[in-house]
$ cat run-v1.txt   # compact mmCIF, C-alpha atoms and all ligand atoms
# COMPACT_ATOMS: atom_id res chain seq x y z
CA MET A 1 170.97 90.13 154.84
CA ILE A 2 173.34 91.02 152.06
CA GLU A 3 173.13 94.54 150.65
CA PRO A 4 172.05 93.67 147.05
CA ILE A 5 169.10 91.67 148.36
CA LYS A 6 167.99 94.58 150.50
CA LYS A 7 168.15 96.80 147.41
CA LEU A 8 166.23 94.22 145.46
CA ILE A 9 163.47 94.10 148.07
CA GLU A 10 163.27 97.89 148.12
CA LEU A 11 162.98 98.02 144.37
CA LYS A 12 160.42 95.24 144.39
CA ASP A 13 158.24 97.09 146.89
CA LYS A 14 158.46 100.24 144.79
CA ILE A 15 157.48 98.41 141.62
CA LEU A 16 154.65 96.52 143.32
CA GLU A 17 153.30 99.78 144.64
CA LYS A 18 153.44 101.36 141.21
CA ILE A 19 151.60 98.38 139.74
CA ASN A 20 149.08 98.56 142.51
CA GLU A 21 148.43 102.23 141.92
CA ALA A 22 148.07 101.98 138.16
CA ALA A 23 144.46 102.68 137.31
CA ASP A 24 144.47 102.26 133.54
CA GLU A 25 146.15 100.40 130.75
CA LYS A 26 148.36 103.32 129.77
CA THR A 27 149.92 103.74 133.20
CA LEU A 28 150.39 100.01 133.54
CA LYS A 29 152.15 99.92 130.20
CA SER A 30 154.59 102.64 131.25
CA VAL A 31 155.36 100.66 134.45
CA GLN A 32 156.07 97.67 132.26
CA GLU A 33 158.52 99.64 130.10
CA GLN A 34 160.27 101.27 133.02
CA ASP A 35 160.47 98.40 135.45
CA LEU A 36 159.91 95.10 133.72
CA SER A 37 161.60 95.32 130.32
CA LYS A 38 165.16 94.30 129.49
CA LYS A 39 166.43 97.83 130.02
CA SER A 40 164.46 98.29 133.24
CA SER A 41 165.62 99.01 136.77
CA LEU A 42 164.91 95.41 137.69
CA SER A 43 167.09 93.93 134.94
CA GLY A 44 169.78 96.46 135.94
CA MET A 45 169.89 94.78 139.33
CA MET A 46 171.44 91.72 137.70
CA SER A 47 174.73 93.54 137.35
CA LEU A 48 175.11 93.47 141.15
CA ILE A 49 175.67 89.72 140.96
CA SER A 50 179.24 90.24 139.79
CA SER A 51 180.16 91.85 143.14
CA LEU A 52 179.02 88.74 145.00
CA SER A 53 180.71 85.42 145.50
CA GLY A 54 179.82 81.78 146.33
CA GLU A 55 176.67 81.25 148.40
CA ASP A 56 175.62 84.91 148.03
CA LYS A 57 175.67 84.66 144.27
CA ILE A 58 173.27 81.71 144.44
CA THR A 59 171.01 83.35 147.05
CA PHE A 60 170.87 86.58 145.08
CA GLY A 61 170.16 84.71 141.84
CA GLN A 62 167.28 82.86 143.48
CA ALA A 63 165.96 86.09 145.05
CA MET A 64 166.13 87.77 141.66
CA ASN A 65 164.12 84.97 140.03
CA SER A 66 161.42 84.84 142.71
CA THR A 67 161.15 88.65 142.69
CA LYS A 68 160.73 88.72 138.91
CA LYS A 69 158.09 86.01 139.17
CA GLU A 70 156.22 87.83 141.91
CA ILE A 71 156.23 91.11 140.01
CA GLN A 72 155.14 89.43 136.79
CA GLU A 73 152.27 87.70 138.54
CA LYS A 74 151.18 90.90 140.16
CA PHE A 75 151.42 92.62 136.81
CA ALA A 76 149.27 89.97 135.13
CA ASP A 77 146.66 90.20 137.87
CA LYS A 78 146.54 93.97 137.55
CA GLU A 79 146.33 93.77 133.79
CA LYS A 80 143.37 91.43 134.08
CA GLU A 81 141.71 93.67 136.65
CA ILE A 82 142.06 96.79 134.51
CA HIS A 83 140.80 94.97 131.43
CA GLU A 84 137.75 93.64 133.24
CA LYS A 85 137.02 97.03 134.71
CA ALA A 86 137.17 98.61 131.24
CA ILE A 87 134.74 96.05 129.84
CA LYS A 88 132.39 96.59 132.76
CA GLU A 89 132.49 100.34 132.32
CA ARG A 90 131.85 100.04 128.62
CA LEU A 91 128.90 97.70 129.15
CA GLU A 92 127.51 100.11 131.68
CA LYS A 93 127.92 103.04 129.33
CA GLU A 94 126.43 101.28 126.33
CA LYS A 95 123.51 99.81 128.15
CA ILE A 96 120.22 100.13 126.27
CA ASP A 97 117.09 100.51 128.26
CA ILE A 98 114.78 98.22 126.35
CA SER A 99 111.88 99.19 128.53
CA LEU A 100 111.80 102.67 126.92
CA PRO A 101 109.04 103.16 124.33
CA GLY A 102 110.41 103.09 120.78
CA THR A 103 110.01 105.63 118.00
CA THR A 104 106.83 105.06 116.07
CA TYR A 105 106.95 105.60 112.35
CA LYS A 106 103.82 106.53 110.46
CA MET A 107 103.13 104.14 107.62
CA GLY A 108 102.33 105.73 104.30
CA GLY A 109 99.44 104.52 102.19
CA ILE A 110 98.72 104.00 98.54
CA ASN A 111 96.44 106.59 97.00
CA PRO A 112 93.06 104.95 96.23
CA PHE A 113 93.56 105.95 92.60
CA TYR A 114 96.58 103.65 92.36
CA GLN A 115 94.90 100.94 94.42
CA ILE A 116 92.20 100.81 91.76
CA VAL A 117 94.79 100.83 88.96
CA ASP A 118 96.56 97.87 90.60
CA GLU A 119 93.28 96.02 91.02
CA MET A 120 92.26 96.55 87.41
CA ILE A 121 95.69 95.48 86.18
CA ASP A 122 95.34 92.32 88.29
CA VAL A 123 91.99 91.49 86.72
CA PHE A 124 93.25 91.96 83.16
CA THR A 125 96.62 90.29 83.59
CA SER A 126 94.78 87.29 85.05
CA MET A 127 92.98 87.15 81.68
CA GLY A 128 96.33 87.15 79.86
CA TYR A 129 96.67 90.83 79.02
CA GLN A 130 100.07 92.48 78.89
CA VAL A 131 100.64 95.97 80.29
CA LYS A 132 102.05 98.55 77.86
CA GLU A 133 102.40 102.24 78.43
CA GLY A 134 102.40 105.07 75.92
CA PRO A 135 103.88 108.57 76.21
CA ASP A 136 101.97 111.42 77.90
CA VAL A 137 103.17 113.88 75.25
CA GLU A 138 101.80 112.80 71.90
CA THR A 139 101.88 113.96 68.35
CA ASP A 140 98.71 115.08 66.65
CA PHE A 141 99.34 112.14 64.31
CA PHE A 142 99.09 109.49 67.03
CA ASN A 143 96.51 111.17 69.24
CA PHE A 144 94.08 111.93 66.39
CA GLU A 145 95.05 110.83 62.87
CA ARG A 146 95.91 107.24 63.77
CA MET A 147 92.69 107.08 65.79
CA ASN A 148 90.73 107.91 62.67
CA ILE A 149 90.14 111.52 63.73
CA PRO A 150 91.51 113.59 60.82
CA ALA A 151 92.02 117.36 60.95
CA ASN A 152 88.72 119.25 61.21
CA HIS A 153 86.84 116.14 62.34
CA PRO A 154 84.10 117.28 64.76
CA ALA A 155 85.27 114.71 67.36
CA ARG A 156 88.34 116.90 67.94
CA GLU A 157 86.06 119.55 69.41
CA MET A 158 85.34 117.37 72.45
CA GLN A 159 89.00 116.68 73.07
CA ASP A 160 90.77 120.00 73.18
CA SER A 161 94.06 119.73 75.03
CA PHE A 162 97.21 121.46 76.14
CA TYR A 163 99.47 121.94 73.13
CA ILE A 164 103.24 121.94 73.39
CA THR A 165 103.79 122.85 69.75
CA ASN A 166 101.33 123.00 66.85
CA SER A 167 101.67 119.27 66.37
CA THR A 168 102.45 117.96 69.88
CA LEU A 169 100.06 117.90 72.81
CA LEU A 170 99.33 116.23 76.12
CA ARG A 171 97.35 113.19 74.96
CA THR A 172 93.60 113.50 75.32
CA HIS A 173 93.05 109.76 75.77
CA THR A 174 95.11 106.59 76.17
CA SER A 175 93.94 105.36 72.74
CA PRO A 176 97.14 106.50 70.92
CA ALA A 177 98.96 103.89 73.01
CA GLN A 178 97.01 101.37 70.86
CA ALA A 179 98.71 102.70 67.72
CA HIS A 180 102.19 102.51 69.30
CA ALA A 181 101.55 98.94 70.44
CA MET A 182 100.25 97.91 67.00
CA ASP A 183 103.31 99.43 65.30
CA GLU A 184 105.53 97.47 67.65
CA ALA A 185 103.55 94.25 67.16
CA ASN A 186 104.26 94.48 63.43
CA GLY A 187 101.15 92.59 62.31
CA ARG A 188 101.11 90.03 65.14
CA PRO A 189 98.09 89.47 67.45
CA LEU A 190 97.86 91.72 70.53
CA LYS A 191 96.23 91.57 73.95
CA ILE A 192 97.20 94.61 75.99
CA ILE A 193 96.08 97.19 78.49
CA CYS A 194 97.63 100.65 78.63
CA PRO A 195 97.09 102.53 81.89
CA GLY A 196 98.07 106.18 82.00
CA LYS A 197 97.27 109.87 82.31
CA CYS A 198 95.13 111.90 79.93
CA PHE A 199 94.62 115.64 79.67
CA ARG A 200 91.79 117.76 78.37
CA ARG A 201 90.78 121.36 78.54
CA ASP A 202 87.85 120.93 80.83
CA ASP A 203 86.01 122.38 83.77
CA ASP A 204 87.55 121.53 87.12
CA ASP A 205 84.60 120.48 89.22
CA ALA A 206 83.40 117.50 91.27
CA THR A 207 83.33 115.19 88.25
CA HIS A 208 85.75 116.81 85.78
CA SER A 209 89.46 117.38 85.91
CA HIS A 210 91.98 118.69 83.38
CA GLN A 211 94.00 115.55 84.13
CA PHE A 212 92.61 112.07 84.68
CA GLY A 213 93.51 108.44 84.30
CA GLN A 214 92.38 105.87 81.79
CA ILE A 215 93.04 102.23 81.13
CA GLU A 216 92.96 101.41 77.46
CA GLY A 217 92.39 97.85 76.36
CA LEU A 218 93.11 96.34 72.96
CA VAL A 219 92.76 92.82 71.61
CA ILE A 220 93.66 92.00 68.01
CA ASP A 221 93.58 88.59 66.43
CA LYS A 222 91.70 86.57 63.84
CA ASN A 223 87.97 86.08 64.56
CA ILE A 224 87.62 88.57 67.40
CA ASN A 225 83.98 89.64 67.69
CA LEU A 226 81.62 91.78 69.72
CA GLY A 227 80.69 88.75 71.84
CA ASN A 228 84.29 88.53 73.02
CA LEU A 229 84.21 92.21 73.98
CA LYS A 230 80.95 91.73 75.86
CA ALA A 231 82.15 88.70 77.79
CA THR A 232 85.45 90.40 78.69
CA LEU A 233 83.86 93.56 79.98
CA GLU A 234 81.11 91.71 81.87
CA LEU A 235 83.73 89.63 83.62
CA PHE A 236 85.85 92.68 84.41
CA LEU A 237 82.93 94.76 85.70
CA ARG A 238 81.56 91.98 87.89
CA ARG A 239 85.03 91.43 89.38
CA MET A 240 85.29 95.13 90.17
CA PHE A 241 81.72 95.85 91.28
CA GLY A 242 80.29 92.50 92.38
CA GLU A 243 78.80 89.43 90.73
CA LYS A 244 75.26 90.82 91.02
CA ARG A 245 75.88 93.77 88.70
CA GLU A 246 73.84 93.90 85.51
CA VAL A 247 75.94 95.08 82.59
CA ARG A 248 74.24 97.02 79.81
CA PHE A 249 75.62 97.86 76.37
CA ARG A 250 74.24 100.87 74.51
CA SER A 251 75.25 101.77 70.99
CA SER A 252 77.42 104.84 70.77
CA TYR A 253 79.98 106.53 68.56
CA PHE A 254 83.76 106.76 68.63
CA PRO A 255 85.70 107.51 65.44
CA PHE A 256 88.16 104.67 66.11
CA THR A 257 85.62 101.88 66.73
CA GLU A 258 82.75 100.51 64.68
CA PRO A 259 80.34 99.49 66.09
CA SER A 260 80.88 101.48 69.27
CA VAL A 261 79.24 100.93 72.63
CA GLU A 262 78.87 102.67 75.92
CA VAL A 263 78.81 100.30 78.86
CA ASP A 264 76.74 100.78 82.02
CA ILE A 265 76.38 98.78 85.22
CA SER A 266 73.24 98.55 87.34
CA CYS A 267 73.33 101.10 90.16
CA MET A 268 74.90 99.68 93.33
CA GLU A 269 72.75 101.99 95.43
CA CYS A 270 69.26 101.11 94.14
CA HIS A 271 70.02 97.99 92.04
CA GLY A 272 68.31 99.36 88.95
CA LYS A 273 65.21 100.94 90.48
CA GLY A 274 66.37 104.52 90.09
CA CYS A 275 67.84 106.85 92.73
CA PRO A 276 69.77 110.15 92.94
CA MET A 277 73.10 108.35 92.48
CA CYS A 278 72.11 107.03 89.03
CA LYS A 279 70.01 110.12 88.30
CA GLY A 280 66.90 107.97 88.28
CA THR A 281 68.05 105.75 85.42
CA GLY A 282 69.00 102.67 87.44
CA TYR A 283 72.30 102.46 85.54
CA ILE A 284 75.70 104.09 85.80
CA GLU A 285 77.89 104.73 82.77
CA ILE A 286 81.32 103.19 83.18
CA LEU A 287 83.26 103.04 79.93
CA GLY A 288 83.44 103.32 76.17
CA ALA A 289 84.34 100.46 73.86
CA GLY A 290 83.88 98.98 70.41
CA MET A 291 85.29 96.93 67.57
CA VAL A 292 88.49 98.45 66.21
CA HIS A 293 87.64 100.50 63.11
CA PRO A 294 88.94 98.97 59.84
CA ASN A 295 90.72 102.27 59.06
CA VAL A 296 92.64 102.04 62.35
CA LEU A 297 93.59 98.42 61.63
CA GLU A 298 94.75 99.31 58.15
CA MET A 299 96.80 102.33 59.30
CA SER A 300 98.46 100.02 61.83
CA GLY A 301 99.46 97.36 59.33
CA TYR A 302 96.66 94.79 59.81
CA ASP A 303 94.49 93.56 56.98
CA PRO A 304 90.90 94.20 58.25
CA LYS A 305 89.67 91.25 56.15
CA GLU A 306 91.90 88.91 58.10
CA TYR A 307 92.20 90.57 61.51
CA SER A 308 89.67 92.14 63.81
CA GLY A 309 89.81 93.45 67.33
CA PHE A 310 88.09 95.23 70.16
CA ALA A 311 89.14 98.17 72.29
CA PHE A 312 87.89 99.81 75.43
CA GLY A 313 88.70 102.86 77.53
CA ILE A 314 87.97 102.95 81.26
CA GLY A 315 88.07 106.10 83.38
CA ILE A 316 90.12 105.25 86.47
CA GLU A 317 88.77 107.93 88.81
CA ARG A 318 85.21 107.06 87.81
CA VAL A 319 85.73 103.45 88.87
CA ALA A 320 87.47 104.53 92.08
CA MET A 321 84.71 107.02 92.94
CA LEU A 322 82.01 104.40 92.48
CA ARG A 323 83.90 101.72 94.35
CA TYR A 324 84.78 103.92 97.33
CA GLY A 325 81.81 106.30 97.31
CA VAL A 326 84.02 109.34 96.69
CA ASP A 327 81.92 112.37 95.72
CA ASP A 328 84.61 114.69 94.35
CA ILE A 329 87.28 113.75 91.78
CA ARG A 330 89.63 116.45 93.10
CA LYS A 331 90.12 114.54 96.36
CA PHE A 332 92.38 112.07 94.53
CA TYR A 333 94.90 114.79 93.71
CA GLN A 334 94.95 117.02 96.77
CA GLY A 335 97.11 114.76 98.91
CA ASP A 336 94.98 115.34 102.02
CA VAL A 337 96.08 112.64 104.48
CA ARG A 338 92.64 112.60 106.09
CA PHE A 339 91.32 111.38 102.74
CA ILE A 340 94.18 109.01 101.89
CA GLU A 341 94.24 107.44 105.37
CA GLN A 342 90.71 106.12 104.88
CA PHE A 343 92.04 103.82 102.17
CA THR A 344 95.20 102.66 103.89
CA ARG A 345 95.30 98.91 104.25
CA LYS A 346 96.03 98.19 107.86
N1 LIG B 401 89.29 107.00 73.96
C1 LIG B 401 87.91 107.07 74.33
C2 LIG B 401 87.71 108.30 75.22
O1 LIG B 401 88.63 108.80 75.78
C3 LIG B 401 87.45 105.84 75.08
C4 LIG B 401 87.45 104.62 74.22
C5 LIG B 401 88.56 103.82 74.15
C6 LIG B 401 86.33 104.25 73.48
C7 LIG B 401 88.57 102.69 73.36
C8 LIG B 401 86.32 103.13 72.70
C9 LIG B 401 87.45 102.34 72.66
O2 LIG B 401 86.60 108.76 75.37

$ encode --input "run-v1.txt" --output "structure tokens" --more "lines below"
Ligand code: PHE
Amino acid sequence: MIEPIKKLIELKDKILEKINEAADEKTLKSVQEQDLSKKSSLSGMMSLISSLSGEDKITFGQAMNSTKKEIQEKFADKEKEIHEKAIKERLEKEKIDISLPGTTYKMGGINPFYQIVDEMIDVFTSMGYQVKEGPDVETDFFNFERMNIPANHPAREMQDSFYITNSTLLRTHTSPAQAHAMDEANGRPLKIICPGKCFRRDDDDATHSHQFGQIEGLVIDKNINLGNLKATLELFLRRMFGEKREVRFRSSYFPFTEPSVEVDISCMECHGKGCPMCKGTGYIEILGAGMVHPNVLEMSGYDPKEYSGFAFGIGIERVAMLRYGVDDIRKFYQGDVRFIEQFTRK
């Protein structure tokens, strides 16, 4: 065998061994640079051809080609092997054991107070009411004057509040939202409810709280009468407390309505016979309402000869307590999960 071919075989064996030993892509790449590129040891071999003549030149040329081919094939095989191994390793490493128990997340719940608010809003919006909110911080003007409760009016006594300045306070009822809505309506008819917070200086006990929720209702148009108010509230109360509830209207007094009524429903415990829940009366007081006072209409830009309206104010906690049998108003605010969880819709 001619000398250059021997050298070629030696080099080939060395390169094949290197390829064989390469365990990762990086090593294989360096073998490629060193031994397979144009400037590699293998290409360098080509220069030997000039020292040969005739037959030998041809034999060497052929040997060179078959060697290159063999090395390239081996290289490709190795490349494939390393690549497949890497994928396998990665799959192994990133394997997820789907038989492991997952992380359980505790679902939060909606406070029963807000569940009742949502329910009441649903009932009224289904009757065509729009929802409007008023500010929690009110001026004396809106909270009292516009509600026909001038300075020194005895009705102010019952609604003492938390004052921010001499003339601004945390609103004592949602009724001032009526005045804001009427100002905005600019003499046009209105059919709104205004849910929100109210604040009063009060005892904090099982049935009183310095903060509570109300839903105000107001309808203004031509020919609105007490019959409309009655029908609306009967429908609302039967939706909330059941079709069997008797609804009773008693005359009452609010400075911003005339006539005014207090509305009761027959006791859900004894159905009107009298029990401790209704204090023996057979009825439970639910809300205050009445026909919007002409003074209020006039102050709000409506001609009382042409327009009339009714208004009502519903205590949210009171409705929630009756619906869910909650015996202490403070439970709505304490954030005790043992309480809240009982009202979580599963
Ligand atoms: N604003 C009254 C209150 O807080 C309730 C009420 C509203 C009464 C609307 C009549 C009409 O006691």

$ residues_near_ligand --input "run-v1.txt" --ligand "ligand LIG 401 (chain B)" --cutoff "10 Å" --atoms "all atoms listed in the file" --output "PyMOL selection string"
chain A and resi 143+147+158-159+171-176+178+198-200+213-218+252-262+287-293+310-315

$ atom_distance --input "run-v1.txt" --atom1 "atom CA of Ser209 of chain A" --atom2 "atom CA of Leu235 of chain A"
28.4 Å

$ closest_residue --input "run-v1.txt" --among "A:Asp264, A:Asp136, A:Glu145, A:Ile192" --to "Gln211 of chain A" --atoms "all atoms listed in the file"
A:Asp136

$ residues_around --input "run-v1.txt" --residues "Leu42 of chain A" --least-positions-apart "4" --cutoff "9 Å" --atoms "only C-alpha atoms" --output "list in words"
Leu8, Leu11, Lys12, Ile15, Gln34, Asp35, Leu36, Ser37, Lys38, Met46, Met64 and Lys68 of chain A

$ closest_residue --input "run-v1.txt" --among "A:Ile329, A:Ile149, A:Ile116, A:Val31" --to "Asp205 of chain A" --atoms "only C-alpha atoms"
A:Ile329

$ atom_distance --input "run-v1.txt" --atom1 "atom CA of Leu16 of chain A" --atom2 "atom CA of Ser40 of chain A"
14.2 Å

$ closest_residue --input "run-v1.txt" --among "A:Gln32, A:Ser266, A:Thr207, A:Asn223" --to "Arg245 of chain A" --atoms "only C-alpha atoms"
A:Ser266

$ atom_distance --input "run-v1.txt" --atom1 "atom CA of Arg250 of chain A" --atom2 "atom CA of Val263 of chain A"
6.3 Å

$ residues_around --input "run-v1.txt" --residues "Glu184 of chain A" --least-positions-apart "4" --cutoff "12 Å" --atoms "only C-alpha atoms" --output "list in words"
Lys132, Gly134, Ala177, Gln178, Ala179, His180, Arg188, Pro189, Leu190, Ser300 and Gly301 of chain A

$ closest_residue --input "run-v1.txt" --among "A:Gly54, A:Gly309, A:Gly128, A:Gly280" --to "Gly227 of chain A" --atoms "only C-alpha atoms"
A:Gly309

$ build_atoms --input "run-v1.txt" --residues "segment 279-295 of chain A" --atoms "N, CA, C and O atoms" --output "compact mmCIF listing (two decimals), in the coordinates of the input"
# COMPACT_ATOMS: atom_id res chain seq x y z
N LYS A 279 70.88 109.08 88.89
CA LYS A 279 70.01 110.12 88.30
C LYS A 279 68.69 109.51 87.82
O LYS A 279 68.19 109.85 86.75
N GLY A 280 68.20 108.56 88.58
CA GLY A 280 66.90 107.97 88.28
C GLY A 280 66.89 106.93 87.18
O GLY A 280 65.84 106.35 86.87
N THR A 281 68.05 106.66 86.57
CA THR A 281 68.05 105.75 85.42
C THR A 281 68.26 104.29 85.81
O THR A 281 68.02 103.39 85.00
N GLY A 282 68.73 104.05 87.00
CA GLY A 282 69.00 102.67 87.44
C GLY A 282 70.35 102.15 86.96
O GLY A 282 70.79 101.07 87.36
N TYR A 283 71.00 102.90 86.07
CA TYR A 283 72.30 102.46 85.54
C TYR A 283 73.36 103.56 85.64
O TYR A 283 73.04 104.74 85.66
N ILE A 284 74.60 103.13 85.73
CA ILE A 284 75.70 104.09 85.80
C ILE A 284 76.69 103.81 84.66
O ILE A 284 77.12 102.67 84.47
N GLU A 285 76.99 104.88 83.92
CA GLU A 285 77.89 104.73 82.77
C GLU A 285 79.32 104.53 83.26
O GLU A 285 79.79 105.21 84.14
N ILE A 286 79.99 103.54 82.69
CA ILE A 286 81.32 103.19 83.18
C ILE A 286 82.41 103.37 82.15
O ILE A 286 83.50 103.83 82.45
N LEU A 287 82.15 102.98 80.90
CA LEU A 287 83.26 103.04 79.93
C LEU A 287 82.77 103.04 78.49
O LEU A 287 81.60 102.78 78.21
N GLY A 288 83.71 103.35 77.60
CA GLY A 288 83.44 103.32 76.17
C GLY A 288 84.22 102.18 75.54
O GLY A 288 85.31 101.84 75.99
N ALA A 289 83.66 101.59 74.49
CA ALA A 289 84.34 100.46 73.86
C ALA A 289 83.82 100.26 72.44
O ALA A 289 82.92 100.98 71.98
N GLY A 290 84.37 99.29 71.75
CA GLY A 290 83.88 98.98 70.41
C GLY A 290 84.83 98.07 69.65
O GLY A 290 85.89 97.70 70.17
N MET A 291 84.42 97.73 68.42
CA MET A 291 85.29 96.93 67.57
C MET A 291 86.23 97.88 66.82
O MET A 291 85.78 98.90 66.28
N VAL A 292 87.49 97.56 66.82
CA VAL A 292 88.49 98.45 66.21
C VAL A 292 88.10 98.76 64.76
O VAL A 292 87.80 97.85 63.97
N HIS A 293 88.06 100.05 64.44
CA HIS A 293 87.64 100.50 63.11
C HIS A 293 88.61 99.97 62.05
O HIS A 293 89.82 99.98 62.27
N PRO A 294 88.06 99.50 60.90
CA PRO A 294 88.94 98.97 59.84
C PRO A 294 90.03 99.97 59.43
O PRO A 294 91.17 99.57 59.12
N ASN A 295 89.70 101.26 59.43
CA ASN A 295 90.72 102.27 59.06
C ASN A 295 91.90 102.23 60.03
O ASN A 295 93.06 102.38 59.64
